[in-house]
Structures are given as structure tokens and as C-alpha cells.
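To be precise, the following lines are target29.txt, and they hold compact mmCIF, C-alpha atoms.
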# COMPACT_ATOMS: atom_id res chain seq x y z
CA MET A 1 -18.62 -41.11 -5.22
CA GLY A 2 -18.90 -37.53 -6.55
CA GLY A 3 -17.16 -34.57 -4.94
CA CYS A 4 -18.08 -31.01 -4.05
CA ALA A 5 -17.48 -27.99 -6.26
CA GLU A 6 -15.46 -25.21 -4.61
CA GLY A 7 -17.07 -21.83 -4.05
CA LYS A 8 -20.62 -22.95 -4.73
CA GLU A 9 -23.44 -21.14 -2.98
CA PHE A 10 -26.76 -22.93 -2.82
CA PRO A 11 -29.89 -22.64 -0.71
CA SER A 12 -29.48 -24.31 2.69
CA THR A 13 -31.79 -25.91 5.20
CA PRO A 14 -34.83 -26.84 3.12
CA THR A 15 -37.69 -27.76 5.40
CA PRO A 16 -40.08 -30.69 5.18
CA SER A 17 -43.34 -29.54 3.63
CA PRO A 18 -46.51 -30.44 5.55
CA ASN A 19 -48.51 -29.98 2.35
CA PRO A 20 -46.55 -31.35 -0.61
CA PRO A 21 -47.64 -29.90 -3.98
CA THR A 22 -50.63 -31.61 -5.55
CA PRO A 23 -49.72 -32.86 -9.04
CA PRO A 24 -51.51 -30.83 -11.76
CA SER A 25 -53.51 -32.32 -14.60
CA PRO A 26 -51.97 -35.36 -16.30
CA PRO A 27 -49.99 -35.06 -19.54
CA THR A 28 -50.88 -36.66 -22.84
CA PRO A 29 -50.70 -40.43 -22.28
CA PRO A 30 -47.68 -42.25 -23.71
CA ALA A 31 -47.78 -45.25 -26.00
CA PRO A 32 -49.70 -48.14 -24.40
CA ASP A 33 -46.58 -50.34 -24.27
CA SER A 34 -44.61 -47.85 -22.17
CA LYS A 35 -43.93 -49.27 -18.71
CA ILE A 36 -41.60 -48.71 -15.79
CA LEU A 37 -38.15 -50.15 -16.44
CA ALA A 38 -35.89 -51.36 -13.64
CA HIS A 39 -32.54 -53.10 -13.57
CA SER A 40 -29.91 -54.91 -11.61
CA GLY A 41 -26.26 -54.39 -12.49
CA ASN A 42 -26.64 -56.40 -15.69
CA GLN A 43 -30.29 -57.31 -16.26
CA LEU A 44 -33.22 -55.21 -17.54
CA PHE A 45 -36.79 -55.70 -16.30
CA GLU A 46 -40.21 -54.31 -17.15
CA ILE A 47 -42.61 -53.50 -14.34
CA ASP A 48 -46.29 -53.49 -15.24
CA PRO A 49 -47.95 -50.97 -12.88
CA ALA A 50 -51.36 -52.56 -13.42
CA VAL A 51 -50.40 -55.96 -12.01
CA LEU A 52 -47.15 -55.05 -10.19
CA ASP A 53 -45.21 -57.82 -11.86
CA ALA A 54 -41.52 -57.77 -12.82
CA THR A 55 -40.74 -59.38 -16.17
CA LEU A 56 -37.17 -60.01 -17.30
CA ILE A 57 -36.50 -58.36 -20.66
CA GLY A 58 -32.96 -59.72 -20.92
CA ASN A 59 -29.37 -59.34 -19.91
CA ILE A 60 -27.74 -55.95 -20.39
CA THR A 61 -24.78 -56.67 -22.67
CA GLY A 62 -22.07 -54.57 -24.27
CA GLN A 63 -20.75 -52.79 -21.18
CA GLY A 64 -18.22 -55.47 -20.24
CA SER A 65 -17.75 -55.95 -16.50
CA ARG A 66 -19.21 -52.54 -15.68
CA SER A 67 -22.49 -52.44 -13.75
CA ILE A 68 -25.26 -50.11 -14.89
CA THR A 69 -25.96 -47.85 -11.90
CA ASP A 70 -29.03 -46.11 -13.34
CA ILE A 71 -31.07 -45.58 -16.49
CA ALA A 72 -33.13 -42.73 -17.95
CA VAL A 73 -35.98 -42.84 -20.47
CA ASP A 74 -37.03 -39.85 -22.60
CA LYS A 75 -40.49 -39.06 -23.98
CA ASN A 76 -39.76 -41.06 -27.13
CA GLY A 77 -38.76 -44.15 -25.20
CA ARG A 78 -35.00 -43.78 -25.75
CA ILE A 79 -33.05 -45.46 -22.92
CA LEU A 80 -29.67 -44.31 -21.65
CA GLY A 81 -27.66 -46.03 -18.94
CA ILE A 82 -24.73 -44.88 -16.83
CA THR A 83 -21.88 -46.72 -15.13
CA MET A 84 -19.33 -45.15 -12.82
CA ASN A 85 -17.28 -44.07 -15.83
CA ALA A 86 -19.29 -44.32 -19.06
CA LEU A 87 -22.62 -43.46 -20.73
CA TYR A 88 -24.48 -45.99 -22.88
CA GLU A 89 -27.55 -46.19 -25.06
CA ILE A 90 -29.56 -49.29 -24.21
CA SER A 91 -31.82 -50.99 -26.73
CA PRO A 92 -35.31 -52.23 -25.76
CA THR A 93 -33.82 -55.72 -25.55
CA GLY A 94 -30.90 -54.73 -23.31
CA THR A 95 -27.97 -54.23 -25.69
CA ALA A 96 -25.73 -51.42 -24.43
CA THR A 97 -23.81 -49.29 -26.95
CA LEU A 98 -21.12 -46.91 -25.69
CA ILE A 99 -21.98 -43.24 -26.28
CA SER A 100 -19.02 -41.71 -24.47
CA ASP A 101 -16.63 -42.27 -21.62
CA LEU A 102 -17.27 -39.87 -18.76
CA THR A 103 -14.72 -37.22 -17.93
CA ALA A 104 -13.55 -36.63 -14.36
CA SER A 105 -16.30 -34.04 -13.89
CA ALA A 106 -19.00 -36.63 -14.55
CA LYS A 107 -17.75 -39.64 -12.62
CA GLY A 108 -19.37 -40.96 -9.45
CA LEU A 109 -22.90 -40.08 -10.61
CA THR A 110 -25.66 -42.53 -9.77
CA SER A 111 -29.02 -40.80 -10.30
CA LEU A 112 -29.91 -40.33 -13.97
CA SER A 113 -32.94 -38.75 -15.63
CA PHE A 114 -34.11 -36.87 -18.67
CA VAL A 115 -35.64 -33.53 -17.67
CA PRO A 116 -37.81 -31.22 -19.81
CA THR A 117 -36.68 -27.63 -20.29
CA ASP A 118 -40.30 -26.76 -19.41
CA ILE A 119 -41.95 -29.33 -17.14
CA ASN A 120 -45.39 -28.00 -18.16
CA ASP A 121 -44.83 -28.13 -21.94
CA ILE A 122 -44.87 -31.62 -23.39
CA THR A 123 -43.38 -30.32 -26.65
CA SER A 124 -40.29 -28.90 -24.95
CA ASP A 125 -36.78 -30.26 -25.40
CA GLU A 126 -35.23 -32.57 -22.82
CA TYR A 127 -31.73 -32.80 -21.39
CA LEU A 128 -29.87 -35.38 -19.32
CA ILE A 129 -29.07 -34.81 -15.64
CA ALA A 130 -27.47 -36.81 -12.86
CA ALA A 131 -26.76 -36.34 -9.15
CA ASN A 132 -24.19 -37.57 -6.65
CA ASP A 133 -23.84 -38.35 -2.95
CA ASP A 134 -23.21 -34.68 -2.11
CA GLY A 135 -26.53 -33.63 -3.64
CA ASP A 136 -24.81 -31.90 -6.56
CA VAL A 137 -26.90 -31.96 -9.75
CA PHE A 138 -25.19 -31.93 -13.15
CA SER A 139 -26.21 -31.76 -16.77
CA ILE A 140 -24.38 -34.34 -18.89
CA ASP A 141 -23.20 -33.66 -22.43
CA GLU A 142 -23.80 -36.92 -24.26
CA ALA A 143 -21.30 -36.14 -26.99
CA THR A 144 -18.34 -35.35 -24.76
CA GLY A 145 -19.16 -37.12 -21.49
CA THR A 146 -18.60 -33.91 -19.52
CA ALA A 147 -20.76 -32.65 -16.68
CA ALA A 148 -21.75 -29.08 -15.80
CA LEU A 149 -22.89 -28.22 -12.28
CA LEU A 150 -26.51 -27.00 -12.15
CA GLY A 151 -27.26 -26.78 -8.42
CA ASN A 152 -27.54 -28.71 -5.20
CA TYR A 153 -30.18 -30.37 -3.02
CA GLY A 154 -29.18 -28.20 -0.03
CA THR A 155 -28.88 -29.19 3.62
CA LEU A 156 -31.18 -30.09 6.50
CA GLY A 157 -30.13 -29.29 10.06
CA GLY A 158 -26.58 -28.77 8.86
CA GLN A 159 -26.45 -32.18 7.18
CA THR A 160 -26.02 -32.81 3.47
CA ILE A 161 -29.03 -33.91 1.46
CA GLY A 162 -27.46 -36.37 -0.96
CA SER A 163 -28.75 -38.61 -3.70
CA SER A 164 -29.66 -42.03 -2.41
CA GLY A 165 -30.34 -43.43 -5.82
CA ASP A 166 -32.62 -41.86 -8.42
CA ILE A 167 -34.43 -38.94 -10.03
CA VAL A 168 -37.65 -39.01 -12.04
CA ALA A 169 -39.18 -36.16 -14.08
CA ILE A 170 -42.75 -36.28 -15.42
CA TYR A 171 -44.46 -33.62 -17.54
CA ASN A 172 -47.11 -31.65 -15.63
CA VAL A 173 -46.23 -33.53 -12.43
CA GLY A 174 -42.72 -32.43 -11.41
CA ILE A 175 -39.19 -33.63 -10.69
CA PHE A 176 -38.70 -35.98 -7.75
CA ALA A 177 -35.81 -37.88 -6.17
CA THR A 178 -34.93 -40.24 -3.37
CA VAL A 179 -32.39 -38.78 -0.94
CA ASN A 180 -30.33 -39.59 2.11
CA ILE A 181 -29.74 -37.12 4.96
CA GLY A 182 -26.21 -36.96 6.34
CA ASP A 183 -23.35 -39.43 6.00
CA ASP A 184 -25.00 -42.51 7.52
CA TRP A 185 -26.23 -44.65 4.63
CA GLN A 186 -28.23 -46.86 6.96
CA VAL A 187 -30.74 -44.13 7.83
CA ASP A 188 -34.02 -44.18 5.94
CA ASP A 189 -34.45 -42.30 2.67
CA TYR A 190 -36.85 -39.47 1.87
CA LEU A 191 -38.90 -38.67 -1.21
CA VAL A 192 -38.28 -35.06 -2.28
CA GLN A 193 -39.48 -32.68 -4.96
CA LEU A 194 -36.78 -30.71 -6.78
CA ASP A 195 -36.88 -27.08 -7.90
CA PRO A 196 -35.78 -27.12 -11.58
CA GLN A 197 -34.14 -23.70 -11.22
CA THR A 198 -32.02 -24.18 -8.06
CA TRP A 199 -32.36 -27.97 -7.61
CA GLU A 200 -33.18 -27.37 -3.95
CA ALA A 201 -35.01 -30.30 -2.37
CA THR A 202 -38.33 -30.05 -0.55
CA LEU A 203 -38.74 -33.10 1.68
CA ALA A 204 -41.92 -35.07 2.20
CA PRO A 205 -43.17 -34.79 5.81
CA GLN A 206 -41.81 -38.21 6.85
CA ASP A 207 -39.08 -40.59 5.73
CA THR A 208 -40.01 -43.69 3.74
CA GLY A 209 -38.98 -46.22 6.38
CA PHE A 210 -36.54 -47.78 3.88
CA ASP A 211 -32.93 -47.08 2.92
CA ARG A 212 -31.03 -47.89 -0.30
CA ILE A 213 -33.89 -46.82 -2.59
CA PHE A 214 -31.73 -46.95 -5.69
CA GLY A 215 -34.59 -46.73 -8.23
CA LEU A 216 -37.63 -44.46 -8.47
CA GLY A 217 -40.58 -44.88 -10.83
CA TYR A 218 -43.90 -43.10 -11.35
CA TRP A 219 -47.14 -44.17 -12.99
CA GLY A 220 -50.74 -43.00 -12.71
CA GLY A 221 -50.13 -40.81 -9.67
CA ARG A 222 -48.15 -43.50 -7.82
CA PHE A 223 -44.46 -43.47 -6.84
CA PHE A 224 -42.58 -46.76 -6.81
CA GLY A 225 -39.25 -47.31 -5.06
CA PHE A 226 -36.77 -50.06 -5.91
CA VAL A 227 -34.78 -51.11 -2.84
CA ASP A 228 -31.43 -52.87 -2.99
CA GLY A 229 -31.02 -55.37 -0.17
CA GLY A 230 -27.23 -55.47 -0.50
CA ALA A 231 -24.83 -58.31 -1.25
CA GLU A 232 -25.92 -60.30 1.81
CA GLY A 233 -29.44 -58.91 2.02
CA THR A 234 -32.56 -60.99 2.54
CA PRO A 235 -34.53 -60.31 0.46
CA ALA A 236 -32.15 -59.18 -2.29
CA GLY A 237 -34.58 -56.47 -3.37
CA ARG A 238 -37.98 -54.95 -2.77
CA LEU A 239 -40.55 -52.95 -4.68
CA ILE A 240 -42.26 -50.39 -2.47
CA GLU A 241 -44.93 -47.75 -3.04
CA ILE A 242 -44.24 -44.28 -1.61
CA ASP A 243 -47.11 -42.06 -0.50
CA ALA A 244 -46.31 -38.60 -1.88
CA ALA A 245 -48.55 -36.91 0.71
CA THR A 246 -46.88 -38.42 3.79
CA GLY A 247 -43.57 -39.75 2.44
CA THR A 248 -44.09 -43.15 4.03
CA ALA A 249 -43.87 -46.37 2.04
CA GLU A 250 -45.19 -49.92 2.07
CA ILE A 251 -43.84 -53.14 0.59
CA LEU A 252 -45.51 -54.35 -2.61
CA PHE A 253 -43.34 -57.42 -3.16
CA ASP A 254 -39.94 -58.89 -2.37
CA SER A 255 -37.67 -60.20 -5.10
CA ASP A 256 -34.43 -62.08 -5.63
CA VAL A 257 -33.14 -59.18 -7.74
CA ARG A 258 -30.83 -56.50 -6.32
CA TRP A 259 -32.36 -53.34 -7.78
CA PHE A 260 -29.68 -50.88 -8.93
CA GLY A 261 -32.01 -48.35 -10.56
CA ALA A 262 -35.13 -47.63 -12.57
CA GLY A 263 -36.41 -45.40 -15.33
CA VAL A 264 -39.71 -44.27 -16.77
CA THR A 265 -40.71 -42.15 -19.74
CA THR A 266 -41.13 -38.44 -19.03
CA VAL A 267 -44.67 -38.73 -20.43
CA ALA A 268 -45.81 -41.37 -17.94
CA PRO A 269 -49.50 -40.81 -17.14
CA GLY A 270 -50.46 -38.62 -14.20
CA ILE A 271 -53.34 -39.29 -11.82
CA SER A 272 -55.60 -41.86 -13.43
Represent the structure from my file as C-alpha cells, please.
Amino acid sequence: MGGCAEGKEFPSTPTPSPNPPTPPSPPTPPAPDSKILAHSGNQLFEIDPAVLDATLIGNITGQGSRSITDIAVDKNGRILGITMNALYEISPTGTATLISDLTASAKGLTSLSFVPTDINDITSDEYLIAANDDGDVFSIDEATGTAALLGNYGTLGGQTIGSSGDIVAIYNVGIFATVNIGDDWQVDDYLVQLDPQTWEATLAPQDTGFDRIFGLGYWGGRFFGFVDGGAEGTPAGRLIEIDAATGTAEILFDSDVRWFGAGVTTVAPGIS
């Protein structure tokens, strides 16, 4: 997965916050048909937050044998997907069209999201970011497939805070991610809030109780995690809900789908 940039200096040892920030007032609601999207390596699903049901949209085609490792959805509903070495635009029915191959600087990225230039201004422009196992955050140039380092999640107790799977950014709510502490991928993941200037992570007070949270969604004040059970896992996948105040999570339903990632429009509704 992604490597470290030499000579970088980022904030270290972020501390768990006992009082995570309360989301401000909700943004303008999106179109009624906007839902949380989630995916396996080659299938696209829609998650209806009202009934917590996963509906298969279709197979993701056009990327060959490459697996989609994450998707991002902008405020207009445009969907982009990333593999380990390429960036695609994905149609609402699942057809993937190559945008650009990724250069060496952009490979090994797994967490993908559109982020507003001003999280509190719904009219602001958006740009594409991704993160890697080392907690490095990059902007991605769609035209060239190159990545520019923006910042880093920091460390906790001398251990790296790395991406465990996803980032989500919502207007007037904030930028959040699922992370792993240290090099042991079997330890449980945390929900964190990211500073859009430094990309330093502020951890929720407790871990989620789940690892391999490869997808993160948000809707109506609720955070949803998509857990991959692994090649031999039983169940293959799980949808969980993460309590932003405590960081803990509970199972909503098990599935026979290995969840590789998720995406939601940046104008998803806030607290309903």
C-alpha cells in the first residue's frame, strides 16, 4: 500500500476527544433519489437509510479484472471509483469508464472522497482526495492521475494512524474517516474527524469494536460502516451503525457481500 513522503512534518499524537464536535445545522437536502452507495470489488449497491436495505444496482463493468477499492460521490451525484492503479467514472448503472491511469505517486490509495473547498459553503468547489495505510492524505488530479500530498492523520502513542478504508465529507457536518492504529490490521477501527487544513485526526472516545471497516456512509445524522469479512469470513460482510458521540458501533445486518467501500453525496442530509 502507499508509502511515506520524506521530510514531512505533521502534527503528532492526536488525542481522543471526550466531547466530539456536534454537527452544525444540516445543509440543503439533496435530490430525493440520492442514497448511500456501497460496493464489492465488482458490484454496485444502493443502501436506503430509511429501511436499511441493500439493493443491487448492477455489476461494475469496464475495469477488466481490477477491483474497485473505493468510490466517491460529489454534490451533483457524479461517481468516481479507484483501483490500485487507475481512476474511473462510474455511471449510475455501474459502467466504469477509464479517466486516467494513476502515476506512482497516487498508487496504493484506498480511501476516496470528494471534499468541498469550504465545508460550510454548499456553493463551493469540490476536489478529490484519497488516503493510504500510512495516514497520508493526497489530492488527486483527475486529468493526469497524479497525487499531491496534503497532510497526514498523525500518530497516537507513537503509532501510525492509518486509513482503514474510507473518508466521507458532508457540507456543514465535517470530514470523517475510519482509521486503524498501528500495524496490526486485526485491531478494531476508530471513527475520526479530520482537520481540512492539516488532515490531523481527532479520534472518537472509543473504538468501534470492528476492524476492516472499508466503507463509510452518512445520512440524517447517522454514520454507517461497511465491514469486509475477508475471503473466508462468516459473514462475508456487515453493515454497522457508528455512534459519533462514543465511537462504538452495533450491527444492523449481515450480508453475503464483501464490502470494499462506500460513497455518499457531499450534500447528504444532516440531523433529521
Proximity of region 62-178 of chain A to region 241-258 of chain A: per-residue shortest pair, 12 Å limit, only C-alpha atoms, as JSON lines:
{"residue": "A:Ser67", "atom": "CA", "partner": "A:Arg258", "partner_atom": "CA", "distance": 11.9}
{"residue": "A:Thr69", "atom": "CA", "partner": "A:Arg258", "partner_atom": "CA", "distance": 11.4}
{"residue": "A:Val173", "atom": "CA", "partner": "A:Ala244", "partner_atom": "CA", "distance": 11.7}
{"residue": "A:Gly174", "atom": "CA", "partner": "A:Ala244", "partner_atom": "CA", "distance": 11.9}
{"residue": "A:Phe176", "atom": "CA", "partner": "A:Ala244", "partner_atom": "CA", "distance": 10.0}
{"residue": "A:Ala177", "atom": "CA", "partner": "A:Ala244", "partner_atom": "CA", "distance": 11.4}
{"residue": "A:Thr178", "atom": "CA", "partner": "A:Ile242", "partner_atom": "CA", "distance": 10.3}
Rounded to one decimal, what separation in Å do you get between CA of Asn180 (chain A) and CA of Ser164 (chain A)? 5.2 Å
Residue contacts of Asn85 (chain A) (9 Å, only C-alpha atoms) excluding same-chain residues fewer than 4 positions away, as a list in words: Arg66, Asp101, Leu102, Thr103, Ala104, Ala106, Lys107, Gly108 and Leu109 of chain A
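One finds CA of Gly62 (chain A) at 29.0 Å from CA of Ile170 (chain A).
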Tell me which protein, DNA and RNA residues are within 6 Å of region 121-134 of chain A, counting only C-alpha atoms, leaving out same-chain ones fewer than 2 positions away, and put them as a tab-separated table (two decimals) with C-alpha atoms, in the frame of the given file.
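Output file selection-v4.tsv follows:
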chain	number	residue	atom	x	y	z
A	2	GLY	CA	-18.90	-37.53	-6.55
A	109	LEU	CA	-22.90	-40.08	-10.61
A	111	SER	CA	-29.02	-40.80	-10.30
A	112	LEU	CA	-29.91	-40.33	-13.97
A	113	SER	CA	-32.94	-38.75	-15.63
A	114	PHE	CA	-34.11	-36.87	-18.67
A	115	VAL	CA	-35.64	-33.53	-17.67
A	116	PRO	CA	-37.81	-31.22	-19.81
A	117	THR	CA	-36.68	-27.63	-20.29
A	118	ASP	CA	-40.30	-26.76	-19.41
A	119	ILE	CA	-41.95	-29.33	-17.14
A	136	ASP	CA	-24.81	-31.90	-6.56
A	137	VAL	CA	-26.90	-31.96	-9.75
A	138	PHE	CA	-25.19	-31.93	-13.15
A	139	SER	CA	-26.21	-31.76	-16.77
A	140	ILE	CA	-24.38	-34.34	-18.89
A	162	GLY	CA	-27.46	-36.37	-0.96
A	163	SER	CA	-28.75	-38.61	-3.70
Region 90-123 of chain A near region 42-47 of chain A within 12 Å: what's each residue's closest atom pair and its distance in Å to one decimal, counting only C-alpha atoms, ordered by chain then ascending residue number, as JSON lines?
{"residue": "A:Ile90", "atom": "CA", "partner": "A:Leu44", "partner_atom": "CA", "distance": 9.6}
{"residue": "A:Ser91", "atom": "CA", "partner": "A:Leu44", "partner_atom": "CA", "distance": 10.2}
{"residue": "A:Pro92", "atom": "CA", "partner": "A:Leu44", "partner_atom": "CA", "distance": 9.0}
{"residue": "A:Thr93", "atom": "CA", "partner": "A:Leu44", "partner_atom": "CA", "distance": 8.0}
{"residue": "A:Gly94", "atom": "CA", "partner": "A:Leu44", "partner_atom": "CA", "distance": 6.2}
{"residue": "A:Thr95", "atom": "CA", "partner": "A:Leu44", "partner_atom": "CA", "distance": 9.7}
{"residue": "A:Ala96", "atom": "CA", "partner": "A:Asn42", "partner_atom": "CA", "distance": 10.1}
Would you save the residues of that selection, restricted to C-alpha atoms, as an mmCIF file, in the frame of the given file?
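File written: again_19.cif
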data_model
loop_
_atom_site.group_PDB
_atom_site.id
_atom_site.type_symbol
_atom_site.label_atom_id
_atom_site.label_comp_id
_atom_site.auth_asym_id
_atom_site.auth_seq_id
_atom_site.Cartn_x
_atom_site.Cartn_y
_atom_site.Cartn_z
ATOM 1 C CA ILE A 90 -29.560 -49.290 -24.210
ATOM 2 C CA SER A 91 -31.820 -50.990 -26.730
ATOM 3 C CA PRO A 92 -35.310 -52.230 -25.760
ATOM 4 C CA THR A 93 -33.820 -55.720 -25.550
ATOM 5 C CA GLY A 94 -30.900 -54.730 -23.310
ATOM 6 C CA THR A 95 -27.970 -54.230 -25.690
ATOM 7 C CA ALA A 96 -25.730 -51.420 -24.430
#
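For the choices A:Asp74, A:Asp166, A:Asp141, A:Glu89, the atom-to-atom distance to Gly217 (chain A) is smallest for A:Asp166 when using only C-alpha atoms.
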Within 7 Å of Gly81 (chain A), counting only C-alpha atoms, which residues show up once you throw out same-chain ones fewer than 4 positions away? Write them as a list in words, please. Ile68, Asp70, Ile71, Ala72, Leu87, Tyr88, Glu89 and Ile90 of chain A
Keeping C-alpha atoms, export the residues of the selection given above as a short mmCIF file (atom, residue, chain, number, x, y, z; two decimals), keeping the file's coordinate frame.
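File out_30.cif, as written:
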data_model
loop_
_atom_site.label_atom_id
_atom_site.label_comp_id
_atom_site.auth_asym_id
_atom_site.auth_seq_id
_atom_site.Cartn_x
_atom_site.Cartn_y
_atom_site.Cartn_z
CA ILE A 68 -25.26 -50.11 -14.89
CA ASP A 70 -29.03 -46.11 -13.34
CA ILE A 71 -31.07 -45.58 -16.49
CA ALA A 72 -33.13 -42.73 -17.95
CA LEU A 87 -22.62 -43.46 -20.73
CA TYR A 88 -24.48 -45.99 -22.88
CA GLU A 89 -27.55 -46.19 -25.06
CA ILE A 90 -29.56 -49.29 -24.21
#
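CA of Ser65 (chain A) is positioned 17.2 Å from CA of Gly261 (chain A).
Proximity of A:Met84, A:Ala148, A:Ile161, A:Ile240 to Gly225 (chain A), computed with all atoms listed in the file, is greatest for A:Ile240.
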Around the point (-33.2, -59.8, -2.8) in the file's coordinates, collect all residues with an atom within 9 Å, using all atoms listed in the file, and return them as an NGL selection string. :A and (227-238 or 254-259)
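Near (-45.4, -41.2, -19.0), the residues inside the 7 Å limit, counting all atoms listed in the file, come to Pro29, Pro30, Ile170, Trp219, Val264, Thr265, Thr266, Val267, Ala268 and Pro269 of chain A.
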Shell around Leu194 (chain A) at 6 Å using all atoms listed in the file, local window under 6 positions removed, as a PyMOL selection string: chain A and resi 175-176+200-201
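Closest to Gly158 (chain A) among A:Ile181, A:Ala50, A:Val73, A:Leu56 is A:Ile181, based on only C-alpha atoms.
Of the residues under consideration (A:Tyr153, A:Ala54, A:Thr144, A:Ile167), A:Ala54 shows the shortest atom-to-atom contact distance to His39 (chain A) when counting all atoms listed in the file.
Distances to Thr146 (chain A) were evaluated for A:Val179, A:Asp195, A:Ser40, A:Ala86 using only C-alpha atoms, and the minimum falls at A:Ala86.
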